[in-house]
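To start, the structure itself, in structure tokens.
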Amino acid sequence: MYETREYEVNDTILKEGELGKGFCILEEGVVEVIRDNKILNEIDQKGAIFGELSEILMYKRGASVRAKTKTKVKYFDNKLEQLVAENPKFAVKMIRNLGRRLYHMNQLAIEGNTKNDILIDANDERSMNAVQASPIILVVEEKHHIISQLTDVFSSQGWKLRSASDESSTLKECEDTTFSAIIISLSLPEDAAVELRRKLKTNPKAMRSPIIGMSVKGDEASLKKATDAGFENFISKPIDGQSVRSTMYKILNLDPSDQYFDILKDALYFKLPSPMSPFVIDEIKENIEPRIRKTINEGIEKIIVDVSGLDEIGEDEIDVVGDIGEKLEEMMVPIKGAFVAKGDEAEMWTNLDGCEEWIVCRDISEAHQKLDLPQTD
């Protein structure tokens, strides 16, 4: 019935001018709709349909669709009439999809590209390098301490933060910047947060930016009002740095394993965080296997696990590191491993399943040197 297709960044999914046979449903990623070298739209909603208009009208495609991020789609090449006849709900979904697209294009027409220059040139570095650029996040909050805390959280990831305190300053910030995400405090006076979200969703510069509500933990009334108004993602005060980072990684469509794993030279590097909350433990465990597979795909055959920063070694720490060793053993991956550990118990780590052949080093430099040595029997 359909074929699953995957695309890399900047790959063409559908080409302008080709005969409009077949259409796609977005499974993962973000795509751009381009015509005459101008970006008309950006599609990031899972389940969104594109390419169907040419199929309906039996015209050549009036625009190209390009992958902005790594993208996965379901490609349907069977006749649209047959699909609609067999699945009426699909027809309703398609009508809604076309309605949203028409609404978006009307907004662009009203504002006018000449007046606002809101269409980006498809060859502009801002578009070509958007995935690699550091996220810029706008935070709408009156409390300076909250801004300061979020600045610390985001800067640790290399993200940039801009702030505004009310509707007018927010809209002014959006005049010349398209933000990666916009966080709005639900503690703004009266219904200011809900009203601001509504205005941003009709603002050409902000309408495609994810909007996140920031609530006070336990304030269920504000949370319900925001949810009813269309807010889909939330962070809470007091600020829990790890929880906020994790939420933002998902919203920004970033690899969540980057919070814990890194590539140093030619080795996968994992430094065990201290302290570790149950939330952090669960998230690390969820990302162990995907990160190992990604590492293998990149041709990396070494891993360094750094436990030198631990004040105490408890069951949780042993459990997390043990999971890495067991997963490598279970996957039968030929990766050379090293621990960076200090103290009398440093050698203890090699007792874990899957880590018996690992070496123990004093620092990262020594680990790299020893991992580079030829393996002996």
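Order determines the names: the first chain of the structure tokens is A, the second B, and so forth; residues in each chain are numbered 1 upward, and ligands are numbered 1 upward as they are shown.
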
Task: Residue contacts of stretch 310-318 of chain A (10 Å, only C-alpha atoms) excluding same-chain residues fewer than 2 positions away, as a ChimeraX atom specification - done: /A:271-278,281,306-308,320-323,341-342,345,348-349,352

Write a file of the just-selected residues containing N, CA and C atoms, as a short mmCIF file (atom, residue, chain, number, x, y, z; two decimals), in the first residue's frame.
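Saved file out-v2.cif follows:
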```cif
data_model
loop_
_atom_site.label_atom_id
_atom_site.label_comp_id
_atom_site.auth_asym_id
_atom_site.auth_seq_id
_atom_site.Cartn_x
_atom_site.Cartn_y
_atom_site.Cartn_z
N LYS A 271 30.28 10.46 30.37
CA LYS A 271 30.64 10.81 31.74
C LYS A 271 29.42 10.66 32.62
N LEU A 272 29.54 9.81 33.61
CA LEU A 272 28.42 9.54 34.49
C LEU A 272 28.09 10.79 35.30
N PRO A 273 26.87 11.33 35.14
CA PRO A 273 26.52 12.55 35.89
C PRO A 273 26.37 12.26 37.38
N SER A 274 26.62 13.29 38.17
CA SER A 274 26.47 13.15 39.62
C SER A 274 25.92 14.46 40.18
N PRO A 275 24.83 14.40 40.95
CA PRO A 275 24.06 13.20 41.29
C PRO A 275 23.13 12.80 40.15
N MET A 276 22.51 11.62 40.28
CA MET A 276 21.58 11.14 39.26
C MET A 276 20.20 10.95 39.87
N SER A 277 19.23 11.63 39.29
CA SER A 277 17.84 11.45 39.72
C SER A 277 17.25 10.25 38.98
N PRO A 278 16.13 9.70 39.46
CA PRO A 278 15.47 8.61 38.72
C PRO A 278 15.16 9.00 37.28
N ILE A 281 18.40 8.68 35.28
CA ILE A 281 18.75 7.27 35.10
C ILE A 281 17.91 6.65 33.99
N ASP A 306 33.61 7.64 31.83
CA ASP A 306 34.30 8.44 32.84
C ASP A 306 33.49 8.44 34.13
N VAL A 307 34.03 7.78 35.15
CA VAL A 307 33.37 7.74 36.46
C VAL A 307 34.21 8.47 37.50
N SER A 308 35.16 9.26 37.03
CA SER A 308 36.11 9.91 37.95
C SER A 308 35.47 11.03 38.76
N VAL A 320 23.75 1.74 35.89
CA VAL A 320 23.81 2.44 34.60
C VAL A 320 25.02 1.98 33.78
N VAL A 321 26.20 1.95 34.42
CA VAL A 321 27.40 1.52 33.70
C VAL A 321 27.28 0.05 33.29
N GLY A 322 26.70 -0.75 34.18
CA GLY A 322 26.50 -2.16 33.86
C GLY A 322 25.60 -2.34 32.65
N ASP A 323 24.61 -1.48 32.52
CA ASP A 323 23.72 -1.55 31.35
C ASP A 323 24.47 -1.31 30.05
N ALA A 341 38.84 6.30 35.95
CA ALA A 341 38.42 6.11 37.34
C ALA A 341 39.59 6.38 38.27
N LYS A 342 39.25 6.78 39.49
CA LYS A 342 40.27 7.08 40.49
C LYS A 342 39.93 6.37 41.79
N GLU A 345 38.90 1.82 44.44
CA GLU A 345 37.90 0.95 43.83
C GLU A 345 37.87 1.06 42.31
N MET A 348 37.32 -2.00 40.25
CA MET A 348 36.04 -2.68 40.49
C MET A 348 35.14 -2.66 39.25
N TRP A 349 35.26 -1.60 38.44
CA TRP A 349 34.36 -1.45 37.30
C TRP A 349 34.52 -2.56 36.27
N LEU A 352 32.08 -5.73 36.03
CA LEU A 352 30.73 -5.68 35.47
C LEU A 352 30.66 -6.50 34.19
#
```

TODO: Tell me which protein, DNA and RNA residues are within 6 Å of stretch 207-216 of chain A, counting only C-alpha atoms, leaving out same-chain ones fewer than 4 positions away, and put them as number ranges by chain.
DONE: A: 180-186, 200-203, 233-237

Open item on the list: Env of A:Glu347: 10 Å cut, atoms = only C-alpha atoms, seq-sep filter 4 positions within chain, self excluded. Answer as a VMD selection string.
Closed with: chain A and resid 339 341 to 343 351 358 to 361

Task: Secondary structure check, strand (DSSP E) residues of stretch 65-270 of chain A, as a VMD selection string - done: chain A and resid 65 to 67 71 to 76 136 to 140 160 to 164 181 to 185 211 to 216 233 to 237 261 to 264 267 to 270

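Relative to atom CA of A:Leu14, atom CA of A:Glu32 is found at 10.5 Å.
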
Open item on the list: Env of stretch 261-267 of chain A: 10 Å cut, atoms = only C-alpha atoms, seq-sep filter 3 positions within chain, self excluded. Answer as a list in words.
Closed with: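 Near stretch 261-267 of chain A, the qualifying residues are Pro256, Ser257, Asp258, Phe270, Lys271, Leu272, Ile284, Asn287, Ile288, Arg291, Ile292, Thr295, Glu298, Gly299, Ile300, Glu301, Lys302, Ile303, Ile304, Val305, Ile335, Lys336, Gly337, Ala338, Ile364, Ala367, His368, Leu371 and Asp372 of chain A.
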
- [ ] Determine, counting only C-alpha atoms, which protein, DNA and RNA residues have an atom within 12 Å of an atom of A:Asn253; residues of the same chain fewer than 6 positions away are not included. Present the result as a VMD selection string.
- [x] chain A and resid 28 to 30 44 to 45 68 to 71 131 to 132 135 180 to 181 210 246 to 247

Go ahead and save the picked residues with N, CA and C atoms, as a PDB file, in the first residue's frame.
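So part_11.pdb came out as:
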```pdb
ATOM      1  N   GLU A  28       8.651  11.275  10.297  1.00  0.00           N
ATOM      2  CA  GLU A  28       9.646  11.882  11.185  1.00  0.00           C
ATOM      3  C   GLU A  28      10.349  13.000  10.438  1.00  0.00           C
ATOM      4  N   GLY A  29      10.765  14.041  11.180  1.00  0.00           N
ATOM      5  CA  GLY A  29      11.588  15.089  10.600  1.00  0.00           C
ATOM      6  C   GLY A  29      10.822  16.343  10.216  1.00  0.00           C
ATOM      7  N   VAL A  30      11.519  17.211   9.483  1.00  0.00           N
ATOM      8  CA  VAL A  30      10.963  18.492   9.037  1.00  0.00           C
ATOM      9  C   VAL A  30      11.279  18.653   7.554  1.00  0.00           C
ATOM     10  N   ASP A  44       6.308  20.093   9.852  1.00  0.00           N
ATOM     11  CA  ASP A  44       6.986  19.317  10.891  1.00  0.00           C
ATOM     12  C   ASP A  44       6.037  18.439  11.702  1.00  0.00           C
ATOM     13  N   GLN A  45       4.773  18.424  11.323  1.00  0.00           N
ATOM     14  CA  GLN A  45       3.785  17.676  12.101  1.00  0.00           C
ATOM     15  C   GLN A  45       3.686  16.241  11.596  1.00  0.00           C
ATOM     16  N   LYS A  68      14.544  19.176   5.504  1.00  0.00           N
ATOM     17  CA  LYS A  68      15.313  20.131   6.300  1.00  0.00           C
ATOM     18  C   LYS A  68      16.133  19.402   7.364  1.00  0.00           C
ATOM     19  N   THR A  69      15.578  18.297   7.869  1.00  0.00           N
ATOM     20  CA  THR A  69      16.295  17.433   8.803  1.00  0.00           C
ATOM     21  C   THR A  69      16.244  16.016   8.232  1.00  0.00           C
ATOM     22  N   LYS A  70      16.874  15.082   8.910  1.00  0.00           N
ATOM     23  CA  LYS A  70      16.688  13.688   8.521  1.00  0.00           C
ATOM     24  C   LYS A  70      15.199  13.383   8.582  1.00  0.00           C
ATOM     25  N   THR A  71      14.683  12.789   7.531  1.00  0.00           N
ATOM     26  CA  THR A  71      13.236  12.676   7.375  1.00  0.00           C
ATOM     27  C   THR A  71      12.836  11.267   6.957  1.00  0.00           C
ATOM     28  N   VAL A 131      19.940  23.481  10.422  1.00  0.00           N
ATOM     29  CA  VAL A 131      20.008  22.348  11.340  1.00  0.00           C
ATOM     30  C   VAL A 131      21.240  22.438  12.231  1.00  0.00           C
ATOM     31  N   GLN A 132      22.364  22.958  11.648  1.00  0.00           N
ATOM     32  CA  GLN A 132      23.598  23.014  12.410  1.00  0.00           C
ATOM     33  C   GLN A 132      23.654  24.229  13.334  1.00  0.00           C
ATOM     34  N   PRO A 135      20.355  26.652  18.468  1.00  0.00           N
ATOM     35  CA  PRO A 135      18.980  27.099  18.695  1.00  0.00           C
ATOM     36  C   PRO A 135      18.940  28.439  19.425  1.00  0.00           C
ATOM     37  N   SER A 180      13.820  29.299  17.474  1.00  0.00           N
ATOM     38  CA  SER A 180      13.720  27.838  17.458  1.00  0.00           C
ATOM     39  C   SER A 180      12.568  27.371  18.334  1.00  0.00           C
ATOM     40  N   ALA A 181      12.281  28.121  19.381  1.00  0.00           N
ATOM     41  CA  ALA A 181      11.158  27.828  20.277  1.00  0.00           C
ATOM     42  C   ALA A 181      10.865  29.079  21.092  1.00  0.00           C
ATOM     43  N   PRO A 210       7.774  26.308  17.776  1.00  0.00           N
ATOM     44  CA  PRO A 210       7.057  25.626  18.858  1.00  0.00           C
ATOM     45  C   PRO A 210       6.870  26.574  20.041  1.00  0.00           C
ATOM     46  N   SER A 246      15.783  18.013  28.793  1.00  0.00           N
ATOM     47  CA  SER A 246      15.205  16.850  28.126  1.00  0.00           C
ATOM     48  C   SER A 246      13.985  17.234  27.292  1.00  0.00           C
ATOM     49  N   THR A 247      13.124  18.063  27.879  1.00  0.00           N
ATOM     50  CA  THR A 247      11.930  18.514  27.150  1.00  0.00           C
ATOM     51  C   THR A 247      12.316  19.303  25.906  1.00  0.00           C
TER      52      THR A 247
END
```

Open item on the list: Give me, as a PyMOL selection string, all polymer residues having an atom no more than 9 Å from A:Glu289, counting only C-alpha atoms and skipping those fewer than 2 positions away in the same chain.
Closed with: chain A and resi 285-287+291-294+324+327-328+331

Residue subset to file, keeping N, CA and C atoms, as a PDB file, in the first residue's frame:
```pdb
ATOM      1  N   LYS A 285      19.289   5.265  30.280  1.00  0.00           N
ATOM      2  CA  LYS A 285      19.053   3.878  29.872  1.00  0.00           C
ATOM      3  C   LYS A 285      18.288   3.801  28.555  1.00  0.00           C
ATOM      4  N   GLU A 286      17.345   4.717  28.370  1.00  0.00           N
ATOM      5  CA  GLU A 286      16.583   4.737  27.120  1.00  0.00           C
ATOM      6  C   GLU A 286      17.476   5.035  25.918  1.00  0.00           C
ATOM      7  N   ASN A 287      18.557   5.771  26.159  1.00  0.00           N
ATOM      8  CA  ASN A 287      19.392   6.239  25.053  1.00  0.00           C
ATOM      9  C   ASN A 287      20.648   5.415  24.819  1.00  0.00           C
ATOM     10  N   ARG A 291      22.269   5.162  21.002  1.00  0.00           N
ATOM     11  CA  ARG A 291      23.549   5.840  20.828  1.00  0.00           C
ATOM     12  C   ARG A 291      24.637   4.864  20.390  1.00  0.00           C
ATOM     13  N   ILE A 292      24.597   3.646  20.890  1.00  0.00           N
ATOM     14  CA  ILE A 292      25.573   2.645  20.459  1.00  0.00           C
ATOM     15  C   ILE A 292      25.401   2.356  18.970  1.00  0.00           C
ATOM     16  N   ARG A 293      24.159   2.219  18.538  1.00  0.00           N
ATOM     17  CA  ARG A 293      23.904   1.953  17.113  1.00  0.00           C
ATOM     18  C   ARG A 293      24.379   3.126  16.251  1.00  0.00           C
ATOM     19  N   LYS A 294      24.135   4.331  16.726  1.00  0.00           N
ATOM     20  CA  LYS A 294      24.594   5.513  15.995  1.00  0.00           C
ATOM     21  C   LYS A 294      26.119   5.532  15.920  1.00  0.00           C
ATOM     22  N   ILE A 324      25.445  -0.395  30.085  1.00  0.00           N
ATOM     23  CA  ILE A 324      26.238  -0.127  28.880  1.00  0.00           C
ATOM     24  C   ILE A 324      27.034  -1.372  28.496  1.00  0.00           C
ATOM     25  N   LYS A 327      24.720  -4.151  27.275  1.00  0.00           N
ATOM     26  CA  LYS A 327      24.148  -3.870  25.956  1.00  0.00           C
ATOM     27  C   LYS A 327      25.182  -4.125  24.859  1.00  0.00           C
ATOM     28  N   LEU A 328      26.425  -3.723  25.102  1.00  0.00           N
ATOM     29  CA  LEU A 328      27.487  -3.980  24.123  1.00  0.00           C
ATOM     30  C   LEU A 328      27.691  -5.487  23.936  1.00  0.00           C
ATOM     31  N   MET A 331      24.700  -6.986  22.067  1.00  0.00           N
ATOM     32  CA  MET A 331      24.710  -6.636  20.643  1.00  0.00           C
ATOM     33  C   MET A 331      25.918  -7.228  19.922  1.00  0.00           C
TER      34      MET A 331
END
```

Open item on the list: Measuring between only C-alpha atoms, which one of A:Asp240, A:Glu55, A:Asp363, A:Asp36 shows the shortest distance to A:Asp152?
Closed with: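 Of A:Asp240, A:Glu55, A:Asp363, A:Asp36, the one nearest A:Asp152, counting only C-alpha atoms, is A:Asp240.
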
Task: Atom pair atom CA of A:Lys74 / atom CA of A:Pro88: separation (Å) - done: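 These two atoms are separated by 18.5 Å.
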
Task: DSSP alpha helix (DSSP H) selection over stretch 155-334 of chain A, as a ChimeraX atom specification - done: /A:155,167-173,192-200,220-229,241-251,278-297,315-331

File of the preceding selection, C-alpha atoms, as a JSON list (two decimals), in the first residue's frame:
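See result.json below for the written result:
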```
[["chain", "number", "residue", "atom", "x", "y", "z"],
["A", 155, "SER", "CA", 24.04, 27.98, 27.69],
["A", 167, "GLU", "CA", 3.23, 41.04, 24.65],
["A", 168, "SER", "CA", 4.67, 44.15, 23.03],
["A", 169, "SER", "CA", 8.30, 43.25, 23.71],
["A", 170, "THR", "CA", 7.66, 39.69, 22.52],
["A", 171, "LEU", "CA", 6.17, 40.79, 19.21],
["A", 172, "LYS", "CA", 9.04, 43.24, 18.75],
["A", 173, "GLU", "CA", 11.57, 40.43, 19.29],
["A", 192, "ALA", "CA", -1.92, 37.33, 28.62],
["A", 193, "ALA", "CA", -0.17, 34.01, 27.93],
["A", 194, "VAL", "CA", -3.12, 32.55, 26.03],
["A", 195, "GLU", "CA", -3.68, 35.75, 24.06],
["A", 196, "LEU", "CA", 0.02, 36.02, 23.23],
["A", 197, "ARG", "CA", 0.10, 32.46, 21.93],
["A", 198, "ARG", "CA", -2.86, 33.23, 19.68],
["A", 199, "LYS", "CA", -1.12, 36.28, 18.22],
["A", 200, "LEU", "CA", 2.15, 34.44, 17.70],
["A", 220, "GLU", "CA", -3.43, 22.63, 37.61],
["A", 221, "ALA", "CA", -5.91, 25.40, 36.77],
["A", 222, "SER", "CA", -3.40, 27.35, 34.66],
["A", 223, "LEU", "CA", -2.19, 24.14, 33.06],
["A", 224, "LYS", "CA", -5.72, 23.14, 32.04],
["A", 225, "LYS", "CA", -6.51, 26.60, 30.67],
["A", 226, "ALA", "CA", -3.30, 26.58, 28.63],
["A", 227, "THR", "CA", -3.94, 23.07, 27.34],
["A", 228, "ASP", "CA", -7.46, 24.05, 26.29],
["A", 229, "ALA", "CA", -5.99, 27.08, 24.51],
["A", 241, "GLY", "CA", 17.60, 21.88, 34.65],
["A", 242, "GLN", "CA", 17.67, 18.25, 33.56],
["A", 243, "SER", "CA", 13.93, 18.04, 32.99],
["A", 244, "VAL", "CA", 13.93, 21.30, 31.02],
["A", 245, "ARG", "CA", 16.87, 20.16, 28.86],
["A", 246, "SER", "CA", 15.21, 16.85, 28.13],
["A", 247, "THR", "CA", 11.93, 18.51, 27.15],
["A", 248, "MET", "CA", 13.68, 21.03, 24.92],
["A", 249, "TYR", "CA", 15.76, 18.36, 23.18],
["A", 250, "LYS", "CA", 12.53, 16.69, 22.08],
["A", 251, "ILE", "CA", 10.83, 19.93, 21.06],
["A", 278, "PRO", "CA", 15.47, 8.61, 38.72],
["A", 279, "PHE", "CA", 14.52, 10.77, 35.72],
["A", 280, "VAL", "CA", 18.15, 10.98, 34.56],
["A", 281, "ILE", "CA", 18.75, 7.27, 35.10],
["A", 282, "ASP", "CA", 15.72, 6.32, 33.03],
["A", 283, "GLU", "CA", 16.66, 8.73, 30.25],
["A", 284, "ILE", "CA", 20.25, 7.47, 30.05],
["A", 285, "LYS", "CA", 19.05, 3.88, 29.87],
["A", 286, "GLU", "CA", 16.58, 4.74, 27.12],
["A", 287, "ASN", "CA", 19.39, 6.24, 25.05],
["A", 288, "ILE", "CA", 22.13, 3.63, 25.51],
["A", 289, "GLU", "CA", 21.15, 1.33, 22.65],
["A", 290, "PRO", "CA", 20.26, 4.08, 20.12],
["A", 291, "ARG", "CA", 23.55, 5.84, 20.83],
["A", 292, "ILE", "CA", 25.57, 2.65, 20.46],
["A", 293, "ARG", "CA", 23.90, 1.95, 17.11],
["A", 294, "LYS", "CA", 24.59, 5.51, 16.00],
["A", 295, "THR", "CA", 28.22, 5.12, 17.06],
["A", 296, "ILE", "CA", 28.61, 1.90, 15.08],
["A", 297, "ASN", "CA", 27.07, 3.58, 12.06],
["A", 315, "GLU", "CA", 23.76, 0.91, 43.10],
["A", 316, "ASP", "CA", 22.39, 3.40, 40.58],
["A", 317, "GLU", "CA", 25.82, 4.26, 39.21],
["A", 318, "ILE", "CA", 26.81, 0.61, 38.93],
["A", 319, "ASP", "CA", 23.46, -0.20, 37.33],
["A", 320, "VAL", "CA", 23.81, 2.44, 34.60],
["A", 321, "VAL", "CA", 27.40, 1.52, 33.70],
["A", 322, "GLY", "CA", 26.50, -2.16, 33.86],
["A", 323, "ASP", "CA", 23.72, -1.55, 31.35],
["A", 324, "ILE", "CA", 26.24, -0.13, 28.88],
["A", 325, "GLY", "CA", 28.50, -3.17, 29.21],
["A", 326, "GLU", "CA", 25.62, -5.62, 28.99],
["A", 327, "LYS", "CA", 24.15, -3.87, 25.96],
["A", 328, "LEU", "CA", 27.49, -3.98, 24.12],
["A", 329, "GLU", "CA", 27.84, -7.67, 24.99],
["A", 330, "GLU", "CA", 24.25, -8.41, 23.98],
["A", 331, "MET", "CA", 24.71, -6.64, 20.64]]
```

Task: Coordinates-based distance that separates atom CA of A:Asn37 from atom CA of A:Lys72 (Å, one decimal) - done: 23.1 Å

Open item on the list: Nearest residue to A:Asn78 out of A:Lys21, A:Lys15, A:Lys205, A:Lys370, using only C-alpha atoms?
Closed with: A:Lys21

Open item on the list: Calculated over only C-alpha atoms, which of the candidates A:Lys46, A:Arg35, A:Lys79, A:Arg66 has the smallest distance to A:Phe23?
Closed with: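 Among the listed residues, A:Lys79 lies closest to A:Phe23.
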
TODO: Name all residues at most 8 Å from A:Cys24 (count only C-alpha atoms; drop same-chain ones fewer than 2 positions away) and give them as a PyMOL selection string.
DONE: chain A and resi 22+26+49-52+73-76
